[in-house]
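Undergrad: Sharing target02.cif below, mmCIF, C-alpha atoms:
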```
data_structure
loop_
_atom_site.label_atom_id
_atom_site.label_comp_id
_atom_site.auth_asym_id
_atom_site.auth_seq_id
_atom_site.Cartn_x
_atom_site.Cartn_y
_atom_site.Cartn_z
CA MET B 256 -0.61 7.60 -25.54
CA LYS B 257 -2.73 5.01 -23.76
CA LEU B 258 -3.08 5.32 -19.99
CA SER B 259 -1.78 1.77 -19.52
CA THR B 260 1.41 2.68 -21.39
CA ILE B 261 1.90 5.84 -19.34
CA LEU B 262 1.34 4.05 -16.05
CA ALA B 263 3.64 1.18 -16.95
CA SER B 264 6.48 3.66 -17.26
CA THR B 265 5.89 4.99 -13.74
CA SER B 266 6.58 1.70 -11.95
CA ILE B 267 9.73 2.51 -10.00
CA PRO B 268 11.02 0.78 -6.83
CA LEU B 269 11.76 3.62 -4.41
CA ALA B 270 14.43 1.55 -2.65
CA LEU B 271 16.62 2.15 -5.73
CA ALA B 272 16.55 5.94 -5.56
CA ASN B 273 19.83 7.75 -6.32
CA VAL B 274 19.38 10.94 -4.30
CA ARG B 275 17.27 11.47 -1.20
CA VAL B 276 15.64 14.86 -0.51
CA LYS B 277 14.46 15.43 3.06
CA TRP B 278 11.74 17.99 3.82
CA SER B 279 9.95 19.16 6.97
CA PHE B 280 7.34 21.54 8.38
CA PRO B 281 8.64 22.38 11.87
CA SER B 282 5.54 24.37 12.88
CA ALA B 283 2.89 22.03 11.49
CA PRO B 284 -0.22 21.46 13.61
CA ALA B 285 -0.37 18.24 15.63
CA THR B 286 -3.19 17.04 13.38
CA GLY B 287 -0.95 17.17 10.29
CA LEU B 288 -1.29 18.97 6.96
CA GLU B 289 -4.51 19.23 4.95
CA ASP B 290 -2.55 20.12 1.82
CA ILE B 291 1.02 20.28 0.61
CA THR B 292 2.72 21.79 -2.46
CA PHE B 293 6.12 20.80 -3.81
CA PRO B 294 7.58 23.24 -6.39
CA MET B 295 10.12 21.73 -8.81
CA ASN B 296 12.04 22.94 -11.84
CA MET B 297 13.83 20.74 -14.40
CA ALA B 298 14.98 23.50 -16.79
CA ASN B 299 18.35 21.85 -17.43
CA ALA B 300 17.25 18.21 -17.45
CA LYS B 301 17.71 16.34 -20.73
CA HIS B 302 14.54 15.73 -22.70
CA GLU B 303 14.84 11.96 -22.55
CA ARG B 304 13.36 9.03 -20.68
CA GLY B 305 15.19 7.85 -17.58
CA TYR B 306 14.98 10.18 -14.61
CA TYR B 307 12.15 10.58 -12.15
CA PHE B 308 11.98 13.61 -9.85
CA ALA B 309 9.44 13.29 -7.05
CA GLN B 310 8.50 14.05 -3.48
CA GLN B 311 7.14 11.35 -1.20
CA PHE B 312 4.58 11.93 1.53
CA ASN B 313 2.69 9.86 4.06
CA PHE B 314 -0.53 10.12 6.03
CA GLU B 315 -1.23 9.76 9.71
CA GLY B 316 -3.04 6.50 10.43
CA ILE B 317 -1.64 4.44 7.54
CA SER B 318 1.79 3.03 6.78
CA ALA B 319 2.41 3.20 3.04
CA VAL B 320 3.78 6.26 1.25
CA GLY B 321 2.57 8.18 -1.75
CA TYR B 322 4.52 10.25 -4.23
CA ILE B 323 4.04 13.04 -6.74
CA GLY B 324 6.38 14.40 -9.39
CA PHE B 325 7.45 14.24 -13.03
CA GLN B 326 9.59 12.39 -15.56
CA PRO B 327 11.24 13.96 -18.64
CA ARG B 328 10.47 12.47 -22.05
CA PRO B 329 11.73 13.08 -25.62
CA ASP B 330 10.17 16.02 -27.47
CA ARG B 331 7.30 15.17 -29.80
CA ASN B 332 6.62 17.19 -32.95
CA GLY B 333 8.96 19.86 -31.65
CA LYS B 334 7.13 20.19 -28.32
CA PRO B 335 8.49 19.26 -24.88
CA ILE B 336 6.76 16.30 -23.24
CA PHE B 337 6.87 14.92 -19.70
CA LEU B 338 4.85 12.69 -17.40
CA ALA B 339 3.25 13.87 -14.17
CA VAL B 340 2.62 11.13 -11.61
CA PHE B 341 0.55 10.83 -8.40
CA SER B 342 0.47 7.50 -6.58
CA SER B 343 -0.29 5.75 -3.29
CA PHE B 344 1.14 2.39 -2.21
CA GLN B 345 -1.49 1.91 0.47
CA LYS B 346 -3.43 -1.35 0.50
CA GLY B 347 -7.13 -0.57 0.22
CA ALA B 348 -6.61 2.67 -1.74
CA THR B 349 -9.05 3.03 -4.63
CA SER B 350 -9.87 5.39 -7.50
CA THR B 351 -12.51 5.88 -10.16
CA HIS B 352 -10.54 8.66 -11.85
CA ALA B 353 -9.97 8.26 -15.59
CA LYS B 354 -6.20 8.77 -15.23
CA CYS B 355 -5.72 6.26 -12.40
CA LYS B 356 -5.54 2.49 -12.14
CA SER B 357 -5.16 -0.07 -9.37
CA GLY B 358 -1.65 -1.08 -8.37
CA ALA B 359 1.63 0.72 -7.69
CA ASP B 360 5.06 -0.73 -8.48
CA GLY B 361 3.48 -4.14 -8.94
CA GLY B 362 1.89 -4.11 -5.49
CA ALA B 363 -1.06 -2.63 -3.65
CA GLY B 364 -2.20 0.94 -4.18
CA VAL B 365 -3.23 3.27 -6.98
CA SER B 366 -1.17 4.94 -9.73
CA CYS B 367 -2.26 8.05 -11.65
CA ALA B 368 -0.44 9.75 -14.51
CA ILE B 369 -0.97 12.35 -17.20
CA GLU B 370 1.17 13.41 -20.13
CA GLY B 371 2.06 17.08 -19.95
CA SER B 372 3.40 19.47 -22.57
CA GLY B 373 5.06 22.59 -21.25
CA ASP B 374 8.31 24.51 -21.09
CA TYR B 375 10.89 22.71 -18.96
CA ALA B 376 12.19 26.13 -17.91
CA ASN B 377 8.99 26.82 -15.97
CA THR B 378 8.57 25.86 -12.34
CA TYR B 379 5.74 23.41 -11.67
CA ASN B 380 3.87 23.11 -8.39
CA PHE B 381 2.87 19.57 -7.44
CA SER B 382 0.09 19.68 -4.87
CA VAL B 383 -1.67 17.06 -2.78
CA GLU B 384 -5.05 18.44 -1.75
CA HIS B 385 -7.77 17.15 0.55
CA VAL B 386 -11.07 16.66 -1.27
CA SER B 387 -13.31 15.12 1.42
CA ASP B 388 -13.16 12.39 4.07
CA THR B 389 -10.13 10.27 3.04
CA THR B 390 -10.10 11.36 -0.61
CA TRP B 391 -7.11 13.31 -1.94
CA ARG B 392 -6.15 14.64 -5.34
CA GLY B 393 -2.86 15.36 -7.05
CA VAL B 394 -2.57 18.56 -9.07
CA MET B 395 0.17 20.04 -11.26
CA THR B 396 0.29 23.81 -11.82
CA ASN B 397 2.53 25.61 -14.30
CA THR B 398 3.55 28.67 -12.26
CA VAL B 399 4.26 30.75 -15.38
CA THR B 400 1.13 30.09 -17.46
CA GLY B 401 -1.18 29.29 -14.56
CA GLN B 402 -2.38 26.09 -16.23
CA LYS B 403 -3.63 23.64 -13.63
CA ASP B 404 -4.02 19.93 -14.40
CA GLU B 405 -5.51 17.27 -12.17
CA ILE B 406 -3.26 14.20 -12.22
CA GLY B 407 -5.67 11.96 -10.34
CA VAL B 408 -7.88 11.39 -7.31
CA ILE B 409 -7.29 8.64 -4.72
CA LYS B 410 -9.51 7.46 -1.88
CA LEU B 411 -7.53 6.08 1.07
CA PRO B 412 -8.77 3.62 3.72
CA SER B 413 -10.96 4.98 6.51
CA GLN B 414 -8.12 5.14 9.05
CA ALA B 415 -6.13 7.65 6.97
CA LYS B 416 -5.76 11.12 8.48
CA ASN B 417 -3.84 14.22 7.39
CA ILE B 418 -0.39 14.39 5.77
CA LYS B 419 2.59 13.89 8.06
CA PRO B 420 4.79 17.02 8.41
CA SER B 421 8.07 15.48 7.25
CA TRP B 422 9.28 12.87 4.77
CA THR B 423 11.68 12.45 1.84
CA GLY B 424 11.69 12.88 -1.92
CA PHE B 425 14.07 11.45 -4.48
CA VAL B 426 15.93 11.55 -7.77
CA GLU B 427 15.69 8.19 -9.54
CA TYR B 428 17.31 6.84 -12.71
CA PHE B 429 14.95 3.97 -13.35
CA PRO B 430 16.60 2.27 -16.39
CA TRP B 431 19.15 0.81 -13.94
CA ASN B 432 16.43 -0.96 -11.95
CA ALA B 433 16.05 -3.91 -14.31
CA LYS B 434 19.72 -4.63 -15.09
CA GLY B 435 21.58 -3.02 -12.21
CA PRO B 436 23.51 0.27 -12.14
CA ASP B 437 26.57 1.17 -14.19
CA CYS B 438 27.68 4.06 -12.01
CA PRO B 439 30.51 5.41 -14.23
CA LYS B 440 27.93 5.76 -17.02
CA GLN B 441 25.30 7.46 -14.85
CA PRO B 442 23.73 10.13 -17.12
CA LYS B 443 23.93 13.72 -15.98
CA THR B 444 20.82 15.61 -14.94
CA GLU B 445 19.76 18.68 -12.98
CA ILE B 446 16.67 19.38 -10.88
CA THR B 447 15.72 22.13 -8.45
CA PHE B 448 13.62 21.23 -5.43
CA TYR B 449 12.03 24.26 -3.79
CA ASP B 450 10.83 24.36 -0.20
CA PRO B 451 7.35 22.85 0.22
CA THR B 452 4.42 24.98 1.33
CA SER B 453 1.05 24.35 2.94
CA ASN B 454 -2.03 26.39 3.73
CA THR B 455 -2.36 24.50 7.01
CA GLY B 456 1.28 23.99 7.94
CA GLY B 457 2.94 27.28 7.06
CA ALA B 458 6.44 27.31 5.63
CA GLY B 459 8.28 24.06 5.08
CA SER B 460 11.88 23.56 4.06
CA ILE B 461 14.24 21.17 2.34
CA THR B 462 16.41 19.99 5.23
CA ALA B 463 18.97 17.72 3.54
CA ILE B 464 20.18 16.35 0.20
CA GLU B 465 21.80 12.92 0.49
CA ASP B 466 23.63 10.55 -1.84
CA TYR B 467 21.80 7.25 -1.81
CA GLY B 468 21.67 3.76 -3.28
CA ASP B 469 24.16 1.62 -5.18
CA CYS B 470 25.87 4.59 -6.84
CA SER B 471 26.34 6.55 -3.62
CA GLY B 472 29.67 8.35 -3.84
CA LYS B 473 30.16 7.23 -7.45
CA ALA B 474 27.90 9.51 -9.51
CA ASN B 475 29.19 13.01 -8.82
CA LEU B 476 26.33 14.34 -6.69
CA LYS B 477 26.56 18.10 -6.22
CA TYR B 478 23.96 20.42 -4.78
CA THR B 479 23.74 24.15 -4.30
CA GLN B 480 21.52 25.98 -1.87
CA ILE B 481 19.59 28.74 -3.60
CA THR B 482 16.89 31.10 -2.42
CA GLY B 483 14.04 28.86 -1.31
CA GLY B 484 15.52 25.48 -2.15
CA TYR B 485 18.33 23.41 -3.64
CA THR B 486 19.58 22.74 -7.15
CA VAL B 487 20.81 19.16 -7.51
CA ASN B 488 23.30 18.03 -10.17
CA TYR B 489 23.87 14.31 -10.57
CA GLY B 490 25.64 11.98 -12.98
CA ASN B 491 28.92 11.39 -14.77
CA VAL B 492 28.28 11.43 -18.53
#
```
Can you dump the structure from the file as structure tokens?

TA:
Amino acid sequence: MKLSTILASTSIPLALANVRVKWSFPSAPATGLEDITFPMNMANAKHERGYYFAQQFNFEGISAVGYIGFQPRPDRNGKPIFLAVFSSFQKGATSTHAKCKSGADGGAGVSCAIEGSGDYANTYNFSVEHVSDTTWRGVMTNTVTGQKDEIGVIKLPSQAKNIKPSWTGFVEYFPWNAKGPDCPKQPKTEITFYDPTSNTGGAGSITAIEDYGDCSGKANLKYTQITGGYTVNYGNV
């Protein structure tokens, strides 16, 4: 699949998220985090286009957010397929990485994406790592096989500092964005968000799961606290 096709499918207005996932590092240093890892598992998500599971993050010194996560896709030749995405909405962000292009959700920033093939039952770590100066990279690691894939590399403006110690992630059903939601027909899905970790910030935690957006209270949001995170079930049909 061409990179332009992959990236076109990642353009998702975050204001239309369905579920909000709050996270925090209560003991983070005052200077912020030099890395962050968000483990996620979509073992029981349908293998079809529509949902986007991601964690957002922001940097000290700049205003616009970034995000990292994955989107299920239909199987191809009997193999499971999904997209892994790493993006920044910051004006002045740049990249020369082969899997990245200028622009995010039709505005400023950079979007990076790769097509992955791996067992949905495995947990994947999505990491944002400091490379040098104001350059950061997004990495996806299959925690079962150990396979590590670089999603992209983004250089932020000079005023960008370390990652802020709290923000929010989301569950998004993006087909509704163009035509508006039909909440009674909201497809069912399941995703587990595990507590984030950092080499510089210690142990983080998921602090809240919240119904959000036009289908708030109408799409059967349920969530269960498990060891080290939350499993989120969402949708009606």

Undergrad: I want to know what sits within 7 Å of Ile409 of chain B, based on all atoms listed in the file, with residues of the same chain fewer than 3 positions away left out; could you give that as a list of chain:residue names?

TA: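 Final neighbour list, sorted by chain and number: B:Ala348, B:Thr349, B:Ser350, B:Thr390, B:Trp391, B:Arg392.
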
Undergrad: Show me as a list in words the residues that reach within 8 Å of (21.2, 9.2, -0.8), counting all atoms listed in the file and using the file's own coordinates.

TA: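 Residues close enough to count: Ala272, Asn273, Val274, Arg275, Val276, Ile464, Glu465, Asp466, Tyr467, Gly468 and Ser471 of chain B.
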
Undergrad: Please report, as a tab-separated table, each residue of segment 303-388 of chain B lying at most 12 Å from segment 439-442 of chain B, together with the nearest pair of atoms and the separation in Å rounded to one decimal; use all atoms listed in the file, and order rows by chain and ascending residue number.

TA:
```
residue	atom	partner	partner_atom	distance
B:Glu303	CA	B:Pro442	CA	10.6
B:Arg304	CA	B:Pro442	CA	11.0
B:Gly305	CA	B:Pro442	CA	8.9
B:Tyr306	CA	B:Pro442	CA	9.1
```

Undergrad: Could you write out the selected residues, including C-alpha atoms, as a PDB file, keeping the file's coordinate frame?

TA:
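File produced: again-v7.pdb:
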```
ATOM      1  CA  GLU B 303      14.840  11.960 -22.550  1.00  0.00           C
ATOM      2  CA  ARG B 304      13.360   9.030 -20.680  1.00  0.00           C
ATOM      3  CA  GLY B 305      15.190   7.850 -17.580  1.00  0.00           C
ATOM      4  CA  TYR B 306      14.980  10.180 -14.610  1.00  0.00           C
TER       5      TYR B 306
END
```

Undergrad: Would you translate the PyMOL selection byres ((chain B and resi 369) around 8) into the concrete set of residues it matches in this file, as a short mmCIF file (atom, residue, chain, number, x, y, z; two decimals) with C-alpha atoms, keeping the file's coordinate frame?

TA:
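Wrote it out as selection38.cif, contents follow:
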```cif
data_model
loop_
_atom_site.label_atom_id
_atom_site.label_comp_id
_atom_site.auth_asym_id
_atom_site.auth_seq_id
_atom_site.Cartn_x
_atom_site.Cartn_y
_atom_site.Cartn_z
CA LEU B 258 -3.08 5.32 -19.99
CA ILE B 261 1.90 5.84 -19.34
CA LEU B 338 4.85 12.69 -17.40
CA ALA B 339 3.25 13.87 -14.17
CA VAL B 340 2.62 11.13 -11.61
CA LYS B 354 -6.20 8.77 -15.23
CA CYS B 367 -2.26 8.05 -11.65
CA ALA B 368 -0.44 9.75 -14.51
CA GLU B 370 1.17 13.41 -20.13
CA GLY B 371 2.06 17.08 -19.95
CA ILE B 406 -3.26 14.20 -12.22
#
```

Undergrad: Specify as a ChimeraX atom specification each residue included when the PyMOL selection byres ((chain B and resi 488) around 6) is applied to this file.

TA: /B:444-445,476-478,487,489

Undergrad: State, in Å with one decimal place, the distance from atom CA of Gly490 of chain B to atom CA of Phe429 of chain B.

TA: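 Atom-to-atom, atom CA of Gly490 of chain B to atom CA of Phe429 of chain B, that is 13.4 Å.
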
Undergrad: Could you spell out the hits of the PyMOL selection byres ((chain B and resi 290) around 8) on the shown file, as a ChimeraX atom specification?

TA: /B:288-289,291-292,382-385,418,453-455

Undergrad: Could I get segment 331-381 of chain B from the block written as a compact mmCIF listing (two decimals), in the first residue's frame, with N, CA and C atoms?

TA:
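Final output, saved to out.txt:
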```txt
# COMPACT_ATOMS: atom_id res chain seq x y z
N ARG B 331 -5.58 -9.73 5.26
CA ARG B 331 -5.16 -9.82 3.86
C ARG B 331 -4.41 -11.13 3.65
N ASN B 332 -4.87 -11.93 2.71
CA ASN B 332 -4.26 -13.23 2.42
C ASN B 332 -4.16 -14.08 3.69
N GLY B 333 -5.20 -13.99 4.51
CA GLY B 333 -5.24 -14.79 5.72
C GLY B 333 -4.41 -14.27 6.87
N LYS B 334 -3.80 -13.09 6.71
CA LYS B 334 -2.95 -12.53 7.76
C LYS B 334 -3.58 -11.26 8.34
N PRO B 335 -3.48 -11.08 9.66
CA PRO B 335 -4.03 -9.87 10.27
C PRO B 335 -3.20 -8.64 9.91
N ILE B 336 -3.90 -7.55 9.63
CA ILE B 336 -3.27 -6.30 9.22
C ILE B 336 -3.78 -5.17 10.11
N PHE B 337 -2.92 -4.22 10.40
CA PHE B 337 -3.35 -3.00 11.11
C PHE B 337 -2.40 -1.87 10.75
N LEU B 338 -2.81 -0.65 11.04
CA LEU B 338 -1.96 0.51 10.85
C LEU B 338 -1.44 0.99 12.19
N ALA B 339 -0.17 1.38 12.23
CA ALA B 339 0.42 2.04 13.39
C ALA B 339 0.70 3.48 13.00
N VAL B 340 0.34 4.42 13.86
CA VAL B 340 0.38 5.84 13.52
C VAL B 340 1.13 6.62 14.59
N PHE B 341 1.91 7.62 14.15
CA PHE B 341 2.64 8.53 15.03
C PHE B 341 2.57 9.91 14.39
N SER B 342 1.99 10.88 15.08
CA SER B 342 1.77 12.19 14.46
C SER B 342 1.99 13.32 15.45
N SER B 343 2.28 14.50 14.90
CA SER B 343 2.32 15.75 15.66
C SER B 343 1.51 16.79 14.91
N PHE B 344 0.74 17.59 15.64
CA PHE B 344 -0.05 18.66 15.05
C PHE B 344 0.64 20.02 15.17
N GLN B 345 1.89 20.00 15.60
CA GLN B 345 2.59 21.25 15.87
C GLN B 345 3.05 21.95 14.60
N LYS B 346 2.70 23.22 14.46
CA LYS B 346 3.20 24.04 13.36
C LYS B 346 4.71 24.12 13.45
N GLY B 347 5.39 23.92 12.34
CA GLY B 347 6.84 23.96 12.32
C GLY B 347 7.49 22.61 12.50
N ALA B 348 6.70 21.57 12.81
CA ALA B 348 7.25 20.21 12.89
C ALA B 348 7.62 19.74 11.48
N THR B 349 8.72 19.00 11.38
CA THR B 349 9.20 18.52 10.09
C THR B 349 9.67 17.07 10.20
N SER B 350 9.85 16.43 9.04
CA SER B 350 10.38 15.07 9.01
C SER B 350 10.95 14.77 7.64
N THR B 351 12.04 14.01 7.64
CA THR B 351 12.60 13.48 6.39
C THR B 351 12.45 11.96 6.35
N HIS B 352 11.73 11.41 7.31
CA HIS B 352 11.55 9.96 7.40
C HIS B 352 10.69 9.46 6.25
N ALA B 353 11.02 8.28 5.74
CA ALA B 353 10.32 7.73 4.58
C ALA B 353 8.85 7.44 4.84
N LYS B 354 8.47 7.22 6.10
CA LYS B 354 7.09 6.88 6.44
C LYS B 354 6.30 8.08 6.96
N CYS B 355 6.83 9.27 6.79
CA CYS B 355 6.16 10.48 7.28
C CYS B 355 5.91 11.46 6.15
N LYS B 356 4.91 12.31 6.34
CA LYS B 356 4.66 13.39 5.39
C LYS B 356 4.14 14.60 6.14
N SER B 357 4.25 15.76 5.51
CA SER B 357 3.79 17.00 6.12
C SER B 357 2.27 17.02 6.22
N GLY B 358 1.78 17.59 7.32
CA GLY B 358 0.34 17.74 7.51
C GLY B 358 -0.24 16.70 8.44
N ALA B 359 -1.22 17.14 9.26
CA ALA B 359 -1.92 16.24 10.18
C ALA B 359 -3.37 16.70 10.27
N ASP B 360 -4.29 15.84 9.95
CA ASP B 360 -5.72 16.16 9.94
C ASP B 360 -6.03 17.40 9.11
N GLY B 361 -5.32 17.56 8.00
CA GLY B 361 -5.57 18.67 7.11
C GLY B 361 -4.97 19.98 7.56
N GLY B 362 -4.20 19.97 8.65
CA GLY B 362 -3.58 21.18 9.15
C GLY B 362 -2.09 21.03 9.29
N ALA B 363 -1.50 21.86 10.15
CA ALA B 363 -0.06 21.84 10.36
C ALA B 363 0.36 20.56 11.05
N GLY B 364 1.65 20.23 10.91
CA GLY B 364 2.20 19.08 11.60
C GLY B 364 2.80 18.05 10.67
N VAL B 365 3.00 16.86 11.21
CA VAL B 365 3.58 15.73 10.48
C VAL B 365 2.82 14.47 10.84
N SER B 366 2.54 13.62 9.86
CA SER B 366 1.89 12.33 10.09
C SER B 366 2.79 11.21 9.59
N CYS B 367 2.94 10.18 10.41
CA CYS B 367 3.74 9.00 10.05
C CYS B 367 2.88 7.75 10.26
N ALA B 368 3.04 6.77 9.38
CA ALA B 368 2.26 5.54 9.51
C ALA B 368 2.96 4.39 8.83
N ILE B 369 2.81 3.20 9.42
CA ILE B 369 3.29 1.98 8.80
C ILE B 369 2.18 0.94 8.87
N GLU B 370 2.21 0.01 7.94
CA GLU B 370 1.28 -1.10 7.96
C GLU B 370 1.94 -2.26 8.68
N GLY B 371 1.28 -2.75 9.72
CA GLY B 371 1.82 -3.86 10.49
C GLY B 371 1.04 -5.14 10.25
N SER B 372 1.71 -6.27 10.44
CA SER B 372 1.06 -7.57 10.36
C SER B 372 1.49 -8.36 11.58
N GLY B 373 0.55 -8.61 12.47
CA GLY B 373 0.87 -9.33 13.69
C GLY B 373 -0.41 -9.76 14.38
N ASP B 374 -0.27 -10.68 15.30
CA ASP B 374 -1.40 -11.25 16.02
C ASP B 374 -2.08 -10.17 16.87
N TYR B 375 -3.37 -9.99 16.68
CA TYR B 375 -4.11 -9.01 17.48
C TYR B 375 -4.09 -9.39 18.96
N ALA B 376 -3.89 -10.66 19.27
CA ALA B 376 -3.91 -11.10 20.66
C ALA B 376 -2.69 -10.62 21.44
N ASN B 377 -1.65 -10.22 20.73
CA ASN B 377 -0.43 -9.75 21.40
C ASN B 377 -0.60 -8.31 21.88
N THR B 378 0.09 -7.99 22.94
CA THR B 378 0.14 -6.61 23.42
C THR B 378 1.26 -5.88 22.68
N TYR B 379 0.97 -4.65 22.26
CA TYR B 379 1.95 -3.84 21.55
C TYR B 379 2.29 -2.61 22.38
N ASN B 380 3.58 -2.34 22.50
CA ASN B 380 4.05 -1.14 23.17
C ASN B 380 4.26 -0.03 22.14
N PHE B 381 3.64 1.10 22.38
CA PHE B 381 3.83 2.27 21.52
C PHE B 381 4.65 3.29 22.30
```
